[in-house]
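Trainee: A single structure is presented below for examination.
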Amino acid sequence: MGIAARRIREFQRREREILQAALRLLGGDNWQSVTVEEIAAAAEIGKGTVYKHFESKEEISGWLMLDFHRLVLRDLRQIDPALDVPARVRAVIRVYWHAHLNYRQYQRILEYTIRDSFRRSLPPRLMAAWESLAAETNPILVGLIEQGVHQGLFPNRPVAELMIGPQAAVNGMVLMLWGGCADTGEGDRFLDEIARFVLAGLAAAP
């Protein structure tokens with residue numbers, strides 16, 4: 001391996017170490033007061049080195065947001081395409097539930113980065129990565145709804161409109177989880193109710 005390739009690999013390794021250190025700090029209750037200096041100290045590097053990789057704490061938060069959604073995409077890809085549409089809808093809901101349940105260290109970051117104004121302010125490199133991830137994720141979700149329409153399970157309406165209800169239901173589910181209003185010990189029963197609600201809403205959409 002040449003010197004240039006080794007330097008790129010080292011740069012990427014250091015970038016990952018910074019993000020891991022930032023996640024440990026930004027995942028706590030005091031996330032708002034975390035500084036770049038503290039992130040640098042946690043990563044055992046100088047503050048200037050952090051700025052060689054990231055413009056700001058906001059950009060670091062954006063990359064961590066992307067990491068979380070990559071985990072979601074990984075699990076969405078594991079859903080068996082041979083399942084019928086209702087079963088796959090249930091599986092998608094479970095993916096989002098378990099992602100937010102199992103990766104709670106991302107909660108504060110997701111709460112902060114969910115704002116549209118934040119995402120519009122992303123630097124070009126991060127924006128390109130976010131758009132690339134969306135281009136991989138959206139066909140899975142859109143294709144599922146389109147298949148339901150094709151099979152006559154859902155009304156023949158624009159998919160963007162049909163997806164509003166399920167997205168709202170999943171977002172509400174996540175807020176209940178974050179707020180401690182969802183009984184995680186009764187996860188299966190809770191998720192079954194969410195799935196029934198989503199499927200009924202899709203089927204009854206005027």
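How things are named: the first chain in the structure tokens is A, the next is B, and so on; residues count from 1 in each chain; ligands count from 1 in the order shown.
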Show which residues sit within 8 Å of stretch 158-166 of chain A, as a PyMOL selection string. Count only C-alpha atoms, and ignore same-chain residues fewer than 3 positions away.
Mentor: chain A and resi 142+145-146+169-170+198+201-202+205
Trainee: Would you output that residue set with all heavy atoms, as a compact mmCIF listing (two decimals), in the first residue's frame?
Mentor:
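The resulting out_28.txt:
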# COMPACT_ATOMS: atom_id res chain seq x y z
N VAL A 142 -40.81 3.44 -0.42
CA VAL A 142 -41.73 3.80 -1.50
C VAL A 142 -42.16 2.55 -2.26
O VAL A 142 -43.34 2.38 -2.60
CB VAL A 142 -41.06 4.82 -2.45
CG1 VAL A 142 -41.90 5.02 -3.71
CG2 VAL A 142 -40.85 6.15 -1.74
N ILE A 145 -44.97 0.67 -0.47
CA ILE A 145 -46.30 1.28 -0.64
C ILE A 145 -46.80 1.09 -2.08
O ILE A 145 -47.98 0.78 -2.30
CB ILE A 145 -46.24 2.78 -0.30
CG1 ILE A 145 -45.78 2.97 1.15
CG2 ILE A 145 -47.61 3.42 -0.51
CD1 ILE A 145 -46.68 2.36 2.18
N GLU A 146 -45.91 1.24 -3.04
CA GLU A 146 -46.31 1.05 -4.44
C GLU A 146 -46.80 -0.37 -4.67
O GLU A 146 -47.78 -0.59 -5.41
CB GLU A 146 -45.12 1.36 -5.36
CG GLU A 146 -44.82 2.84 -5.46
CD GLU A 146 -43.61 3.11 -6.33
OE1 GLU A 146 -42.78 2.19 -6.53
OE2 GLU A 146 -43.48 4.25 -6.82
N ALA A 169 -47.17 8.17 12.21
CA ALA A 169 -47.34 7.14 13.23
C ALA A 169 -46.00 6.67 13.79
O ALA A 169 -45.84 6.50 15.00
CB ALA A 169 -48.12 5.96 12.65
N VAL A 170 -45.02 6.46 12.91
CA VAL A 170 -43.70 6.02 13.35
C VAL A 170 -43.03 7.12 14.17
O VAL A 170 -42.42 6.84 15.22
CB VAL A 170 -42.83 5.60 12.16
CG1 VAL A 170 -41.38 5.38 12.59
CG2 VAL A 170 -43.38 4.33 11.52
N VAL A 198 -51.53 1.69 11.22
CA VAL A 198 -50.95 2.13 9.96
C VAL A 198 -51.62 1.43 8.78
O VAL A 198 -52.00 2.08 7.79
CB VAL A 198 -49.43 1.86 9.95
CG1 VAL A 198 -48.86 2.03 8.54
CG2 VAL A 198 -48.73 2.80 10.91
N GLY A 201 -55.16 2.65 8.28
CA GLY A 201 -55.16 4.00 7.71
C GLY A 201 -54.83 4.00 6.23
O GLY A 201 -55.44 4.72 5.43
N LEU A 202 -53.86 3.16 5.84
CA LEU A 202 -53.51 3.08 4.42
C LEU A 202 -54.67 2.50 3.60
O LEU A 202 -54.98 3.00 2.52
CB LEU A 202 -52.26 2.19 4.26
CG LEU A 202 -50.93 2.80 4.63
CD1 LEU A 202 -49.83 1.73 4.71
CD2 LEU A 202 -50.53 3.89 3.64
N ALA A 205 -57.56 5.09 3.24
CA ALA A 205 -57.26 6.44 2.73
C ALA A 205 -58.20 6.78 1.59
O ALA A 205 -58.30 6.01 0.62
CB ALA A 205 -55.81 6.50 2.26
Trainee: Near stretch 21-35 of chain A, within 9 Å and counting only C-alpha atoms, which residues show up once chain neighbours fewer than 5 positions away are dropped, as a PyMOL selection string?
Mentor: chain A and resi 16+40-43+57+60-61+64+104-109
Trainee: Next, the residues of the selection above should be written as a compact mmCIF listing (two decimals), in the first residue's frame with N, CA and C atoms.
Mentor:
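As written to disk, again02.txt reads:
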# COMPACT_ATOMS: atom_id res chain seq x y z
N ARG A 16 -13.19 8.60 12.39
CA ARG A 16 -14.09 7.69 13.09
C ARG A 16 -13.88 7.77 14.60
N ALA A 40 -12.32 16.78 21.50
CA ALA A 40 -10.92 16.53 21.19
C ALA A 40 -10.23 15.81 22.34
N ALA A 41 -10.51 16.23 23.56
CA ALA A 41 -9.89 15.59 24.73
C ALA A 41 -10.34 14.13 24.84
N ALA A 42 -11.62 13.88 24.59
CA ALA A 42 -12.13 12.51 24.67
C ALA A 42 -11.50 11.62 23.60
N ALA A 43 -11.18 12.22 22.45
CA ALA A 43 -10.54 11.47 21.36
C ALA A 43 -9.03 11.44 21.50
N LYS A 57 -19.20 21.53 15.81
CA LYS A 57 -19.93 20.49 16.55
C LYS A 57 -21.21 20.11 15.81
N ILE A 60 -20.39 17.56 13.23
CA ILE A 60 -20.19 16.27 13.89
C ILE A 60 -21.53 15.62 14.20
N SER A 61 -22.46 16.42 14.72
CA SER A 61 -23.80 15.90 15.01
C SER A 61 -24.46 15.37 13.75
N LEU A 64 -23.11 11.97 12.87
CA LEU A 64 -23.64 10.97 13.79
C LEU A 64 -25.09 10.63 13.43
N ARG A 104 -30.00 4.04 21.91
CA ARG A 104 -30.50 5.21 22.62
C ARG A 104 -29.45 6.30 22.75
N GLN A 105 -28.18 5.95 22.57
CA GLN A 105 -27.13 6.97 22.67
C GLN A 105 -27.25 8.03 21.58
N TYR A 106 -28.04 7.73 20.54
CA TYR A 106 -28.24 8.71 19.47
C TYR A 106 -29.44 9.63 19.72
N GLN A 107 -30.18 9.41 20.79
CA GLN A 107 -31.45 10.12 20.97
C GLN A 107 -31.28 11.63 20.96
N ARG A 108 -30.36 12.15 21.78
CA ARG A 108 -30.18 13.60 21.86
C ARG A 108 -29.77 14.18 20.51
N ILE A 109 -28.91 13.44 19.83
CA ILE A 109 -28.43 13.91 18.52
C ILE A 109 -29.59 13.95 17.53
Trainee: Which residue, A:Phe197, A:Phe118, A:Trp63, A:Phe68, has the smallest gap to A:Ala168 when you use only C-alpha atoms?
Mentor: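 Among the listed residues, the smallest separation from A:Ala168 belongs to A:Phe197.
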Trainee: Compile the contact shell of stretch 81-88 of chain A as a short mmCIF file (atom, residue, chain, number, x, y, z; two decimals) with C-alpha atoms, in the first residue's frame: residues with an atom at most 10 Å away, counting only C-alpha atoms, same-chain residues fewer than 6 positions apart removed.
Mentor:
data_model
loop_
_atom_site.label_atom_id
_atom_site.label_comp_id
_atom_site.auth_asym_id
_atom_site.auth_seq_id
_atom_site.Cartn_x
_atom_site.Cartn_y
_atom_site.Cartn_z
CA ARG A 94 -40.15 -2.98 14.03
CA ILE A 140 -37.36 0.44 0.04
CA LEU A 141 -40.20 2.37 1.66
CA LEU A 144 -43.42 -1.20 -0.39
CA ILE A 145 -46.30 1.28 -0.64
CA GLU A 146 -46.31 1.05 -4.44
CA GLN A 147 -46.61 -2.73 -4.23
CA GLY A 148 -49.54 -2.36 -1.85
CA VAL A 149 -51.25 -0.04 -4.32
CA GLN A 151 -52.08 -5.32 -5.27
CA LEU A 153 -54.42 -3.22 -0.70
CA ALA A 195 -48.99 -1.74 12.62
CA ARG A 196 -52.76 -2.30 12.70
CA VAL A 198 -50.95 2.13 9.96
CA LEU A 199 -52.39 -0.62 7.75
#
Trainee: Name all residues at most 12 Å from A:Gly180 (count only C-alpha atoms; drop same-chain ones fewer than 6 positions away) and give them as a PDB file with N, CA, C and O atoms, in the first residue's frame.
Mentor:
ATOM      1  N   LEU A 101     -34.739   1.956  20.118  1.00  0.00           N
ATOM      2  CA  LEU A 101     -34.639   1.317  21.423  1.00  0.00           C
ATOM      3  C   LEU A 101     -33.207   0.884  21.722  1.00  0.00           C
ATOM      4  O   LEU A 101     -32.702   1.079  22.838  1.00  0.00           O
ATOM      5  N   MET A 173     -44.553   7.080  17.516  1.00  0.00           N
ATOM      6  CA  MET A 173     -44.056   5.921  18.252  1.00  0.00           C
ATOM      7  C   MET A 173     -42.703   6.221  18.880  1.00  0.00           C
ATOM      8  O   MET A 173     -42.455   5.907  20.052  1.00  0.00           O
ATOM      9  N   VAL A 174     -41.829   6.856  18.096  1.00  0.00           N
ATOM     10  CA  VAL A 174     -40.492   7.184  18.592  1.00  0.00           C
ATOM     11  C   VAL A 174     -40.577   8.191  19.731  1.00  0.00           C
ATOM     12  O   VAL A 174     -39.875   8.061  20.752  1.00  0.00           O
TER      13      VAL A 174
END
Trainee: Please extract the residues of stretch 37-78 of chain A with a backbone DSSP assignment of alpha helix (DSSP H) and present them as a ChimeraX atom specification.
Mentor: /A:37-42,47-53,57-76
Trainee: How would the residues just picked look written out with N, CA, C and O atoms as a short mmCIF file (atom, residue, chain, number, x, y, z; two decimals), in the first residue's frame?
Mentor:
data_model
loop_
_atom_site.label_atom_id
_atom_site.label_comp_id
_atom_site.auth_asym_id
_atom_site.auth_seq_id
_atom_site.Cartn_x
_atom_site.Cartn_y
_atom_site.Cartn_z
N GLU A 37 -13.56 21.31 22.21
CA GLU A 37 -12.40 21.01 23.04
C GLU A 37 -12.61 19.72 23.83
O GLU A 37 -11.69 18.89 23.94
N GLU A 38 -13.82 19.52 24.35
CA GLU A 38 -14.10 18.31 25.12
C GLU A 38 -14.11 17.08 24.21
O GLU A 38 -13.65 16.00 24.62
N ILE A 39 -14.61 17.24 23.01
CA ILE A 39 -14.59 16.13 22.06
C ILE A 39 -13.15 15.77 21.71
O ILE A 39 -12.79 14.58 21.66
N ALA A 40 -12.32 16.78 21.50
CA ALA A 40 -10.92 16.53 21.19
C ALA A 40 -10.23 15.81 22.34
O ALA A 40 -9.47 14.85 22.13
N ALA A 41 -10.51 16.23 23.56
CA ALA A 41 -9.89 15.59 24.73
C ALA A 41 -10.34 14.13 24.84
O ALA A 41 -9.53 13.25 25.15
N ALA A 42 -11.62 13.88 24.59
CA ALA A 42 -12.13 12.51 24.67
C ALA A 42 -11.50 11.62 23.60
O ALA A 42 -11.32 10.42 23.81
N LYS A 47 -7.49 20.10 19.57
CA LYS A 47 -8.67 20.74 19.01
C LYS A 47 -8.49 21.02 17.52
O LYS A 47 -9.41 20.85 16.71
N GLY A 48 -7.27 21.44 17.14
CA GLY A 48 -7.01 21.74 15.74
C GLY A 48 -7.19 20.54 14.84
O GLY A 48 -7.60 20.67 13.68
N THR A 49 -6.89 19.35 15.36
CA THR A 49 -7.06 18.13 14.57
C THR A 49 -8.53 17.88 14.28
O THR A 49 -8.89 17.41 13.18
N VAL A 50 -9.39 18.17 15.26
CA VAL A 50 -10.82 18.01 15.02
C VAL A 50 -11.26 18.87 13.85
O VAL A 50 -12.01 18.42 12.96
N TYR A 51 -10.76 20.11 13.82
CA TYR A 51 -11.18 21.03 12.76
C TYR A 51 -10.58 20.67 11.40
O TYR A 51 -11.03 21.19 10.37
N LYS A 52 -9.61 19.79 11.36
CA LYS A 52 -9.13 19.29 10.08
C LYS A 52 -10.15 18.33 9.45
O LYS A 52 -10.13 18.09 8.24
N HIS A 53 -11.02 17.79 10.30
CA HIS A 53 -12.01 16.82 9.85
C HIS A 53 -13.42 17.40 9.76
O HIS A 53 -14.18 17.03 8.87
N LYS A 57 -19.20 21.53 15.81
CA LYS A 57 -19.93 20.49 16.55
C LYS A 57 -21.21 20.11 15.81
O LYS A 57 -21.64 18.95 15.84
N GLU A 58 -21.82 21.08 15.13
CA GLU A 58 -23.04 20.81 14.36
C GLU A 58 -22.76 19.80 13.25
O GLU A 58 -23.57 18.90 13.00
N GLU A 59 -21.63 19.97 12.58
CA GLU A 59 -21.31 19.01 11.52
C GLU A 59 -21.07 17.62 12.10
O GLU A 59 -21.51 16.60 11.53
N ILE A 60 -20.39 17.56 13.23
CA ILE A 60 -20.19 16.27 13.89
C ILE A 60 -21.53 15.62 14.20
O ILE A 60 -21.73 14.42 13.97
N SER A 61 -22.46 16.42 14.72
CA SER A 61 -23.80 15.90 15.01
C SER A 61 -24.46 15.37 13.75
O SER A 61 -25.15 14.34 13.78
N GLY A 62 -24.26 16.06 12.64
CA GLY A 62 -24.84 15.63 11.37
C GLY A 62 -24.29 14.29 10.92
O GLY A 62 -25.05 13.44 10.42
N TRP A 63 -23.00 14.07 11.08
CA TRP A 63 -22.43 12.78 10.69
C TRP A 63 -22.91 11.66 11.60
O TRP A 63 -23.12 10.52 11.16
N LEU A 64 -23.11 11.97 12.87
CA LEU A 64 -23.64 10.97 13.79
C LEU A 64 -25.09 10.63 13.43
O LEU A 64 -25.51 9.47 13.52
N MET A 65 -25.86 11.65 13.05
CA MET A 65 -27.22 11.41 12.57
C MET A 65 -27.19 10.44 11.39
O MET A 65 -28.00 9.50 11.29
N LEU A 66 -26.24 10.66 10.49
CA LEU A 66 -26.11 9.80 9.32
C LEU A 66 -25.75 8.38 9.74
O LEU A 66 -26.27 7.41 9.17
N ASP A 67 -24.87 8.25 10.73
CA ASP A 67 -24.50 6.91 11.22
C ASP A 67 -25.73 6.15 11.70
O ASP A 67 -25.88 4.95 11.42
N PHE A 68 -26.60 6.82 12.44
CA PHE A 68 -27.80 6.16 12.94
C PHE A 68 -28.67 5.68 11.79
O PHE A 68 -29.13 4.53 11.77
N HIS A 69 -28.89 6.54 10.81
CA HIS A 69 -29.77 6.15 9.70
C HIS A 69 -29.12 5.09 8.81
O HIS A 69 -29.84 4.34 8.14
N ARG A 70 -27.82 4.99 8.82
CA ARG A 70 -27.17 3.87 8.13
C ARG A 70 -27.47 2.56 8.83
O ARG A 70 -27.63 1.51 8.19
N LEU A 71 -27.52 2.60 10.16
CA LEU A 71 -27.90 1.40 10.90
C LEU A 71 -29.33 1.00 10.55
O LEU A 71 -29.63 -0.20 10.39
N VAL A 72 -30.22 1.98 10.44
CA VAL A 72 -31.60 1.69 10.06
C VAL A 72 -31.65 1.08 8.66
O VAL A 72 -32.34 0.07 8.44
N LEU A 73 -30.92 1.66 7.73
CA LEU A 73 -30.90 1.13 6.36
C LEU A 73 -30.39 -0.30 6.34
O LEU A 73 -30.94 -1.16 5.64
N ARG A 74 -29.35 -0.56 7.10
CA ARG A 74 -28.83 -1.94 7.17
C ARG A 74 -29.92 -2.92 7.58
O ARG A 74 -30.05 -4.00 6.99
N ASP A 75 -30.72 -2.54 8.58
CA ASP A 75 -31.76 -3.44 9.07
C ASP A 75 -32.95 -3.50 8.12
O ASP A 75 -33.59 -4.56 7.99
N LEU A 76 -33.25 -2.41 7.45
CA LEU A 76 -34.33 -2.44 6.45
C LEU A 76 -33.98 -3.42 5.33
O LEU A 76 -34.86 -4.12 4.82
#
Trainee: Taking only C-alpha atoms into account, which of A:Phe54, A:His100, A:Leu126, A:Arg6 comes nearest A:Met176?
Mentor: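 Looking at the shortest contact to A:Met176, the residue is A:His100.
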Trainee: Which of these, A:Glu17, A:Glu10, A:Asp188, A:Glu55, has the shortest distance to A:Arg125 once you count only C-alpha atoms?
Mentor: A:Glu55
Trainee: Counting only C-alpha atoms, figure out which residue out of A:Ile8, A:Ile45, A:Ala204, A:Leu110 gets nearest to A:Pro155.
Mentor: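 Closest to A:Pro155, using only C-alpha atoms: A:Ala204.
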